[in-house]
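model.cif (mmCIF, N, CA, C and O atoms) appears below.
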data_data
loop_
_atom_site.label_atom_id
_atom_site.label_comp_id
_atom_site.auth_asym_id
_atom_site.auth_seq_id
_atom_site.Cartn_x
_atom_site.Cartn_y
_atom_site.Cartn_z
N MET A 1 3.02 -67.12 -39.78
CA MET A 1 2.68 -65.81 -39.29
C MET A 1 1.92 -65.05 -40.37
O MET A 1 2.36 -64.98 -41.51
N ASN A 2 0.79 -64.45 -40.01
CA ASN A 2 0.01 -63.74 -41.01
C ASN A 2 0.48 -62.30 -41.20
O ASN A 2 1.32 -61.80 -40.45
N LYS A 3 -0.06 -61.64 -42.21
CA LYS A 3 0.38 -60.30 -42.58
C LYS A 3 0.14 -59.29 -41.45
O LYS A 3 0.99 -58.45 -41.17
N ARG A 4 -0.99 -59.38 -40.77
CA ARG A 4 -1.31 -58.46 -39.67
C ARG A 4 -0.31 -58.63 -38.53
O ARG A 4 0.22 -57.65 -38.00
N THR A 5 -0.02 -59.86 -38.15
CA THR A 5 0.92 -60.12 -37.06
C THR A 5 2.29 -59.54 -37.39
O THR A 5 2.93 -58.90 -36.56
N ARG A 6 2.73 -59.74 -38.62
CA ARG A 6 4.03 -59.19 -39.06
C ARG A 6 4.03 -57.66 -38.99
O ARG A 6 5.01 -57.05 -38.58
N ALA A 7 2.93 -57.05 -39.39
CA ALA A 7 2.86 -55.59 -39.41
C ALA A 7 2.89 -54.99 -38.01
O ALA A 7 3.37 -53.88 -37.81
N LEU A 8 2.39 -55.73 -37.02
CA LEU A 8 2.32 -55.21 -35.66
C LEU A 8 3.61 -55.44 -34.87
O LEU A 8 3.87 -54.74 -33.89
N GLN A 9 4.40 -56.41 -35.29
CA GLN A 9 5.67 -56.67 -34.61
C GLN A 9 6.66 -55.55 -34.91
O GLN A 9 6.61 -54.93 -35.97
N ILE A 10 7.55 -55.31 -33.96
CA ILE A 10 8.58 -54.29 -34.16
C ILE A 10 9.83 -54.98 -34.70
O ILE A 10 10.47 -55.75 -33.99
N PRO A 11 10.18 -54.74 -35.96
CA PRO A 11 11.35 -55.39 -36.53
C PRO A 11 12.65 -54.85 -35.90
O PRO A 11 12.67 -53.73 -35.39
N PRO A 12 13.71 -55.64 -35.96
CA PRO A 12 14.99 -55.21 -35.38
C PRO A 12 15.46 -53.84 -35.87
O PRO A 12 15.98 -53.04 -35.09
N ARG A 13 15.26 -53.55 -37.13
CA ARG A 13 15.68 -52.25 -37.68
C ARG A 13 14.94 -51.11 -37.00
O ARG A 13 15.53 -50.09 -36.64
N ALA A 14 13.63 -51.25 -36.82
CA ALA A 14 12.84 -50.21 -36.16
C ALA A 14 13.27 -50.06 -34.70
O ALA A 14 13.38 -48.94 -34.20
N LYS A 15 13.53 -51.17 -34.02
CA LYS A 15 14.00 -51.11 -32.63
C LYS A 15 15.31 -50.33 -32.54
O LYS A 15 15.51 -49.51 -31.64
N ARG A 16 16.21 -50.59 -33.47
CA ARG A 16 17.51 -49.92 -33.49
C ARG A 16 17.33 -48.41 -33.70
O ARG A 16 17.94 -47.59 -33.01
N ILE A 17 16.48 -48.04 -34.63
CA ILE A 17 16.22 -46.62 -34.92
C ILE A 17 15.61 -45.93 -33.71
O ILE A 17 16.02 -44.83 -33.32
N VAL A 18 14.62 -46.57 -33.08
CA VAL A 18 13.96 -45.99 -31.91
C VAL A 18 14.94 -45.88 -30.74
O VAL A 18 14.98 -44.86 -30.05
N TYR A 19 15.74 -46.92 -30.54
CA TYR A 19 16.72 -46.90 -29.45
C TYR A 19 17.68 -45.73 -29.63
O TYR A 19 17.97 -44.99 -28.69
N GLU A 20 18.16 -45.53 -30.84
CA GLU A 20 19.06 -44.42 -31.12
C GLU A 20 18.35 -43.08 -30.98
O GLU A 20 18.89 -42.14 -30.40
N ARG A 21 17.14 -42.99 -31.50
CA ARG A 21 16.38 -41.73 -31.41
C ARG A 21 16.18 -41.33 -29.95
O ARG A 21 16.31 -40.17 -29.58
N ASP A 22 15.88 -42.32 -29.11
CA ASP A 22 15.57 -42.05 -27.70
C ASP A 22 16.79 -42.12 -26.79
O ASP A 22 16.68 -41.96 -25.57
N GLY A 23 17.96 -42.36 -27.36
CA GLY A 23 19.18 -42.42 -26.58
C GLY A 23 19.24 -43.59 -25.61
O GLY A 23 19.96 -43.54 -24.61
N GLY A 24 18.46 -44.64 -25.90
CA GLY A 24 18.46 -45.83 -25.04
C GLY A 24 17.83 -45.59 -23.68
O GLY A 24 17.98 -46.41 -22.77
N ARG A 25 17.12 -44.48 -23.54
CA ARG A 25 16.53 -44.10 -22.25
C ARG A 25 15.02 -43.99 -22.35
O ARG A 25 14.46 -43.63 -23.38
N CYS A 26 14.38 -44.28 -21.23
CA CYS A 26 12.93 -44.12 -21.12
C CYS A 26 12.59 -42.65 -21.40
O CYS A 26 13.18 -41.76 -20.78
N ILE A 27 11.68 -42.43 -22.30
CA ILE A 27 11.33 -41.04 -22.64
C ILE A 27 10.54 -40.36 -21.53
O ILE A 27 10.38 -39.14 -21.54
N LEU A 28 10.07 -41.13 -20.55
CA LEU A 28 9.29 -40.56 -19.45
C LEU A 28 10.14 -40.22 -18.23
O LEU A 28 10.01 -39.14 -17.66
N CYS A 29 11.02 -41.14 -17.83
CA CYS A 29 11.78 -40.92 -16.58
C CYS A 29 13.29 -40.87 -16.78
O CYS A 29 14.00 -40.52 -15.85
N GLY A 30 13.79 -41.23 -17.95
CA GLY A 30 15.22 -41.17 -18.23
C GLY A 30 16.02 -42.40 -17.84
O GLY A 30 17.22 -42.45 -18.08
N ALA A 31 15.37 -43.41 -17.26
CA ALA A 31 16.07 -44.65 -16.90
C ALA A 31 16.39 -45.45 -18.16
O ALA A 31 15.74 -45.25 -19.20
N PRO A 32 17.37 -46.34 -18.10
CA PRO A 32 17.61 -47.21 -19.26
C PRO A 32 16.33 -47.96 -19.62
O PRO A 32 15.56 -48.35 -18.74
N GLY A 33 16.09 -48.11 -20.91
CA GLY A 33 14.86 -48.77 -21.34
C GLY A 33 15.04 -49.53 -22.63
O GLY A 33 16.12 -49.57 -23.21
N ASP A 34 13.94 -50.10 -23.07
CA ASP A 34 13.91 -50.87 -24.32
C ASP A 34 12.89 -50.26 -25.27
O ASP A 34 11.81 -49.84 -24.84
N PRO A 35 13.19 -50.25 -26.57
CA PRO A 35 12.28 -49.67 -27.57
C PRO A 35 11.20 -50.67 -27.98
O PRO A 35 11.17 -51.14 -29.11
N VAL A 36 10.31 -50.97 -27.06
CA VAL A 36 9.29 -51.99 -27.35
C VAL A 36 7.86 -51.54 -27.02
O VAL A 36 6.93 -52.33 -27.13
N ALA A 37 7.68 -50.28 -26.65
CA ALA A 37 6.34 -49.81 -26.26
C ALA A 37 5.63 -49.18 -27.45
O ALA A 37 6.10 -48.19 -28.01
N HIS A 38 4.50 -49.75 -27.81
CA HIS A 38 3.67 -49.19 -28.87
C HIS A 38 2.84 -48.03 -28.31
O HIS A 38 2.24 -48.16 -27.24
N TYR A 39 2.79 -46.92 -29.02
CA TYR A 39 1.89 -45.81 -28.65
C TYR A 39 0.45 -46.31 -28.80
O TYR A 39 -0.33 -46.25 -27.87
N ILE A 40 0.11 -46.78 -29.99
CA ILE A 40 -1.16 -47.46 -30.20
C ILE A 40 -0.85 -48.94 -30.06
O ILE A 40 -0.02 -49.48 -30.78
N SER A 41 -1.50 -49.59 -29.12
CA SER A 41 -1.15 -50.97 -28.78
C SER A 41 -1.35 -51.94 -29.94
O SER A 41 -2.14 -51.69 -30.86
N ARG A 42 -0.66 -53.04 -29.83
CA ARG A 42 -0.82 -54.11 -30.82
C ARG A 42 -2.27 -54.60 -30.83
O ARG A 42 -2.83 -54.90 -31.88
N ALA A 43 -2.88 -54.67 -29.66
CA ALA A 43 -4.27 -55.14 -29.56
C ALA A 43 -5.22 -54.24 -30.35
O ALA A 43 -6.25 -54.70 -30.85
N GLN A 44 -4.85 -52.97 -30.49
CA GLN A 44 -5.68 -52.03 -31.25
C GLN A 44 -5.18 -51.89 -32.69
O GLN A 44 -5.62 -51.00 -33.41
N GLY A 45 -4.26 -52.76 -33.09
CA GLY A 45 -3.76 -52.74 -34.45
C GLY A 45 -2.60 -51.79 -34.68
O GLY A 45 -2.29 -51.44 -35.82
N GLY A 46 -1.92 -51.38 -33.60
CA GLY A 46 -0.80 -50.46 -33.72
C GLY A 46 0.38 -51.09 -34.45
O GLY A 46 0.84 -52.18 -34.09
N LEU A 47 0.86 -50.40 -35.46
CA LEU A 47 1.96 -50.90 -36.28
C LEU A 47 3.29 -50.88 -35.53
O LEU A 47 3.50 -50.03 -34.66
N GLY A 48 4.18 -51.75 -35.92
CA GLY A 48 5.52 -51.80 -35.34
C GLY A 48 6.49 -50.93 -36.10
O GLY A 48 7.51 -51.39 -36.59
N ILE A 49 6.17 -49.64 -36.22
CA ILE A 49 7.00 -48.69 -36.94
C ILE A 49 7.52 -47.63 -35.97
O ILE A 49 6.96 -47.42 -34.90
N GLU A 50 8.60 -46.96 -36.37
CA GLU A 50 9.24 -45.98 -35.48
C GLU A 50 8.28 -44.93 -34.96
O GLU A 50 8.37 -44.51 -33.81
N GLU A 51 7.36 -44.49 -35.80
CA GLU A 51 6.42 -43.43 -35.41
C GLU A 51 5.40 -43.89 -34.38
O GLU A 51 4.65 -43.08 -33.85
N ASN A 52 5.36 -45.20 -34.09
CA ASN A 52 4.40 -45.74 -33.13
C ASN A 52 5.09 -46.42 -31.95
O ASN A 52 4.43 -47.05 -31.13
N VAL A 53 6.40 -46.32 -31.85
CA VAL A 53 7.15 -47.03 -30.82
C VAL A 53 8.04 -46.06 -30.06
O VAL A 53 8.64 -45.16 -30.67
N VAL A 54 8.11 -46.23 -28.75
CA VAL A 54 9.01 -45.43 -27.91
C VAL A 54 9.77 -46.35 -26.96
O VAL A 54 9.38 -47.48 -26.71
N THR A 55 10.85 -45.80 -26.43
CA THR A 55 11.64 -46.50 -25.43
C THR A 55 11.07 -46.16 -24.05
O THR A 55 10.95 -44.98 -23.71
N LEU A 56 10.71 -47.19 -23.29
CA LEU A 56 10.24 -47.02 -21.92
C LEU A 56 10.98 -48.02 -21.03
O LEU A 56 11.34 -49.11 -21.47
N CYS A 57 11.18 -47.66 -19.77
CA CYS A 57 11.71 -48.61 -18.79
C CYS A 57 10.56 -49.53 -18.39
O CYS A 57 9.39 -49.27 -18.71
N CYS A 58 10.87 -50.60 -17.69
CA CYS A 58 9.83 -51.57 -17.30
C CYS A 58 8.72 -50.92 -16.49
O CYS A 58 7.53 -51.17 -16.72
N GLY A 59 9.09 -50.09 -15.52
CA GLY A 59 8.08 -49.45 -14.66
C GLY A 59 7.15 -48.53 -15.42
O GLY A 59 5.94 -48.56 -15.22
N CYS A 60 7.71 -47.70 -16.28
CA CYS A 60 6.87 -46.78 -17.06
C CYS A 60 6.04 -47.52 -18.10
O CYS A 60 4.89 -47.14 -18.35
N HIS A 61 6.61 -48.58 -18.66
CA HIS A 61 5.85 -49.38 -19.62
C HIS A 61 4.64 -50.02 -18.93
O HIS A 61 3.52 -49.99 -19.45
N ARG A 62 4.85 -50.55 -17.74
CA ARG A 62 3.76 -51.16 -16.98
C ARG A 62 2.70 -50.10 -16.62
O ARG A 62 1.51 -50.33 -16.75
N ALA A 63 3.17 -48.92 -16.21
CA ALA A 63 2.23 -47.84 -15.87
C ALA A 63 1.42 -47.42 -17.10
O ALA A 63 0.22 -47.14 -16.99
N TYR A 64 2.07 -47.39 -18.26
CA TYR A 64 1.36 -47.03 -19.48
C TYR A 64 0.34 -48.10 -19.87
O TYR A 64 -0.79 -47.79 -20.24
N ASP A 65 0.73 -49.35 -19.76
CA ASP A 65 -0.16 -50.44 -20.15
C ASP A 65 -1.30 -50.68 -19.16
O ASP A 65 -2.41 -51.00 -19.56
N GLN A 66 -1.02 -50.53 -17.86
CA GLN A 66 -1.98 -50.98 -16.85
C GLN A 66 -2.33 -49.94 -15.79
O GLN A 66 -3.19 -50.19 -14.96
N GLY A 67 -1.65 -48.83 -15.77
CA GLY A 67 -1.83 -47.87 -14.69
C GLY A 67 -3.04 -46.96 -14.85
O GLY A 67 -3.62 -46.85 -15.93
N PRO A 68 -3.38 -46.27 -13.77
CA PRO A 68 -4.55 -45.38 -13.78
C PRO A 68 -4.29 -44.06 -14.53
O PRO A 68 -5.22 -43.32 -14.80
N HIS A 69 -3.05 -43.79 -14.89
CA HIS A 69 -2.70 -42.53 -15.55
C HIS A 69 -2.40 -42.71 -17.03
O HIS A 69 -1.67 -41.91 -17.63
N ARG A 70 -2.96 -43.74 -17.62
CA ARG A 70 -2.67 -44.06 -19.02
C ARG A 70 -2.94 -42.87 -19.96
O ARG A 70 -2.14 -42.58 -20.83
N ALA A 71 -4.05 -42.19 -19.76
CA ALA A 71 -4.39 -41.08 -20.66
C ALA A 71 -3.34 -39.97 -20.59
O ALA A 71 -2.95 -39.41 -21.62
N ALA A 72 -2.87 -39.65 -19.40
CA ALA A 72 -1.85 -38.61 -19.25
C ALA A 72 -0.53 -39.05 -19.88
O ALA A 72 0.14 -38.27 -20.57
N ILE A 73 -0.16 -40.30 -19.67
CA ILE A 73 1.08 -40.82 -20.26
C ILE A 73 0.96 -40.84 -21.78
O ILE A 73 1.89 -40.48 -22.50
N ARG A 74 -0.20 -41.20 -22.27
CA ARG A 74 -0.44 -41.23 -23.72
C ARG A 74 -0.23 -39.85 -24.34
O ARG A 74 0.35 -39.72 -25.41
N ARG A 75 -0.70 -38.81 -23.65
CA ARG A 75 -0.52 -37.44 -24.16
C ARG A 75 0.97 -37.06 -24.22
O ARG A 75 1.42 -36.44 -25.17
N VAL A 76 1.72 -37.45 -23.19
CA VAL A 76 3.16 -37.17 -23.17
C VAL A 76 3.86 -37.87 -24.33
O VAL A 76 4.69 -37.28 -25.02
N ILE A 77 3.50 -39.14 -24.54
CA ILE A 77 4.11 -39.90 -25.64
C ILE A 77 3.74 -39.28 -26.99
O ILE A 77 4.58 -39.14 -27.87
N ALA A 78 2.47 -38.90 -27.15
CA ALA A 78 2.04 -38.27 -28.41
C ALA A 78 2.82 -36.99 -28.66
O ALA A 78 3.30 -36.75 -29.78
N ASP A 79 2.98 -36.16 -27.64
CA ASP A 79 3.74 -34.92 -27.79
C ASP A 79 5.19 -35.20 -28.18
O ASP A 79 5.76 -34.52 -29.03
N TYR A 80 5.76 -36.22 -27.56
CA TYR A 80 7.14 -36.60 -27.87
C TYR A 80 7.27 -37.03 -29.33
O TYR A 80 8.17 -36.57 -30.05
N LEU A 81 6.37 -37.90 -29.77
CA LEU A 81 6.43 -38.38 -31.15
C LEU A 81 6.20 -37.26 -32.14
O LEU A 81 6.83 -37.20 -33.20
N GLN A 82 5.29 -36.34 -31.82
CA GLN A 82 5.07 -35.20 -32.70
C GLN A 82 6.32 -34.34 -32.80
O GLN A 82 6.61 -33.77 -33.85
N GLY A 83 7.07 -34.24 -31.71
CA GLY A 83 8.31 -33.49 -31.73
C GLY A 83 9.39 -34.16 -32.57
O GLY A 83 10.24 -33.49 -33.16
N CYS A 84 9.34 -35.48 -32.63
CA CYS A 84 10.33 -36.23 -33.42
C CYS A 84 9.99 -36.26 -34.90
O CYS A 84 10.88 -36.34 -35.75
N TYR A 85 8.70 -36.27 -35.20
CA TYR A 85 8.23 -36.41 -36.58
C TYR A 85 7.24 -35.28 -36.88
O TYR A 85 6.06 -35.39 -36.52
N PRO A 86 7.68 -34.21 -37.52
CA PRO A 86 6.81 -33.05 -37.76
C PRO A 86 5.49 -33.39 -38.46
O PRO A 86 4.49 -32.73 -38.23
N HIS A 87 5.48 -34.42 -39.29
CA HIS A 87 4.25 -34.78 -40.01
C HIS A 87 3.57 -36.01 -39.38
O HIS A 87 2.82 -36.71 -40.06
N TRP A 88 3.85 -36.24 -38.10
CA TRP A 88 3.30 -37.39 -37.38
C TRP A 88 1.78 -37.33 -37.43
O TRP A 88 1.18 -36.29 -37.20
N ASP A 89 1.17 -38.45 -37.76
CA ASP A 89 -0.28 -38.52 -37.90
C ASP A 89 -0.77 -39.81 -37.25
O ASP A 89 -0.52 -40.90 -37.77
N GLU A 90 -1.44 -39.68 -36.14
CA GLU A 90 -1.91 -40.84 -35.39
C GLU A 90 -2.78 -41.77 -36.24
O GLU A 90 -2.77 -42.98 -36.05
N SER A 91 -3.49 -41.22 -37.20
CA SER A 91 -4.39 -42.05 -38.02
C SER A 91 -3.62 -43.01 -38.93
O SER A 91 -4.22 -43.94 -39.47
N LYS A 92 -2.32 -42.81 -39.10
CA LYS A 92 -1.52 -43.67 -39.98
C LYS A 92 -0.74 -44.74 -39.21
O LYS A 92 0.12 -45.40 -39.77
N LEU A 93 -1.07 -44.92 -37.93
CA LEU A 93 -0.31 -45.83 -37.09
C LEU A 93 -0.98 -47.17 -36.86
O LEU A 93 -0.47 -48.00 -36.12
N THR A 94 -2.13 -47.41 -37.48
CA THR A 94 -2.83 -48.68 -37.28
C THR A 94 -2.89 -49.49 -38.56
O THR A 94 -2.88 -48.96 -39.67
N TYR A 95 -2.95 -50.79 -38.37
CA TYR A 95 -2.99 -51.74 -39.48
C TYR A 95 -4.31 -51.60 -40.24
O TYR A 95 -5.38 -51.53 -39.65
N ARG A 96 -4.20 -51.53 -41.55
CA ARG A 96 -5.38 -51.50 -42.42
C ARG A 96 -5.17 -52.56 -43.50
O ARG A 96 -4.10 -52.67 -44.06
N LYS A 97 -6.21 -53.32 -43.77
CA LYS A 97 -6.12 -54.36 -44.81
C LYS A 97 -5.96 -53.76 -46.17
O LYS A 97 -6.42 -52.73 -46.50
#
Before we go any further, please render this structure as structure tokens.
Amino acid sequence: MNKRTRALQIPPRAKRIVYERDGGRCILCGAPGDPVAHYISRAQGGLGIEENVVTLCCGCHRAYDQGPHRAAIRRVIADYLQGCYPHWDESKLTYRK
């Protein structure tokens, strides 16, 4: 596994922190969820860190990844993360060599 792949994966510790932060619930609809959704996708170099990961249920995760309302969902997630991390900075969420 190369350095970039490792950086983009969500380690167990980060999943645990995100799960606890989000109360084990989808931040969009409140259903039980998993802390595996990247705000900035892995394909775009999004890091597997708490500031870039949220808990979503399967339906909301699918809507975020593939749905027609991705931009609106992205804004909600960004607002949520900014509320959790006062110094949240989207520019620091992507892999850089």
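Comparing the minimum interatomic distances between Cys29 (chain A) and each of A:Ala71, A:Cys60, A:Leu81, A:Leu47, counting only C-alpha atoms, we find that A:Cys60 sits nearest.
Counting from atom C of His61 (chain A), the distance to CA of Val36 (chain A) is 9.8 Å.
Residues in contact range of Gly33 (chain A), defined as at most 6 Å between only N, CA, C and O atoms, with sequence neighbours fewer than 5 positions away removed, read Gly24, Arg25, Cys26, Thr55, Leu56, Cys57 and Cys58 of chain A.
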- Message: Going by the chain IDs and residue numbers used in this file, which residues fall under the PyMOL selection byres (((chain A and resi 43 and name CA) around 12) and name CA)? Write them as a list in words.
- Response: Arg4, Thr5, Leu8, Gln9, His38, Tyr39, Ile40, Ser41, Arg42, Gln44, Gly45, Gly46, Leu47, Gly48, Asp65, Thr94 and Tyr95 of chain A
Near Ala37 (chain A), counting only N, CA, C and O atoms, which residues have an atom at most 5 Å away, once you skip same-chain residues fewer than 6 positions from it, shown as an mmCIF file with N, CA, C and O atoms, in the coordinates of the input?
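Once everything was written out, this is out.cif:
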data_model
loop_
_atom_site.group_PDB
_atom_site.id
_atom_site.type_symbol
_atom_site.label_atom_id
_atom_site.label_comp_id
_atom_site.auth_asym_id
_atom_site.auth_seq_id
_atom_site.Cartn_x
_atom_site.Cartn_y
_atom_site.Cartn_z
ATOM 1 N N ASN A 52 5.360 -45.200 -34.090
ATOM 2 C CA ASN A 52 4.400 -45.740 -33.130
ATOM 3 C C ASN A 52 5.090 -46.420 -31.950
ATOM 4 O O ASN A 52 4.430 -47.050 -31.130
ATOM 5 N N VAL A 53 6.400 -46.320 -31.850
ATOM 6 C CA VAL A 53 7.150 -47.030 -30.820
ATOM 7 C C VAL A 53 8.040 -46.060 -30.060
ATOM 8 O O VAL A 53 8.640 -45.160 -30.670
ATOM 9 N N VAL A 54 8.110 -46.230 -28.750
ATOM 10 C CA VAL A 54 9.010 -45.430 -27.910
ATOM 11 C C VAL A 54 9.770 -46.350 -26.960
ATOM 12 O O VAL A 54 9.380 -47.480 -26.710
#
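Proximity ranking of A:Pro35, A:Ile27, A:Pro12, A:Glu51 relative to Trp88 (chain A) places A:Glu51 first, based on only N, CA, C and O atoms.
With atom N of Glu20 (chain A) on one side and atom C of Ile49 (chain A) on the other, the separation reads 12.0 Å.
Among the candidates A:Lys97, A:Gly59, A:Tyr80, A:Lys92, the one nearest to Pro32 (chain A) when counting only N, CA, C and O atoms is A:Gly59.
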- Task: From a DSSP calculation on the backbone, collect every residue of region 42-97 of chain A in strand (DSSP E) and output the set as a PyMOL selection string.
- Result: chain A and resi 53-56
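Distances from A:Ala63, A:Met1, A:Val18, A:Leu28 to Glu50 (chain A) were compared using only N, CA, C and O atoms, and the smallest one belongs to A:Val18.
Separating CA of Pro86 (chain A) from CA of Lys15 (chain A) is a distance of 20.1 Å.
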- Item | DSSP helix (DSSP H, G or I) residues within region 12-93 of chain A, as number ranges by chain | A: 12-21, 42-44, 50-52, 58-66, 70-84, 90-92
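Here the question is which of A:Ile10, A:Ala31, A:Ala78, A:Ala72 gets nearest to Glu90 (chain A) using only C-alpha atoms, and that residue is A:Ala78.
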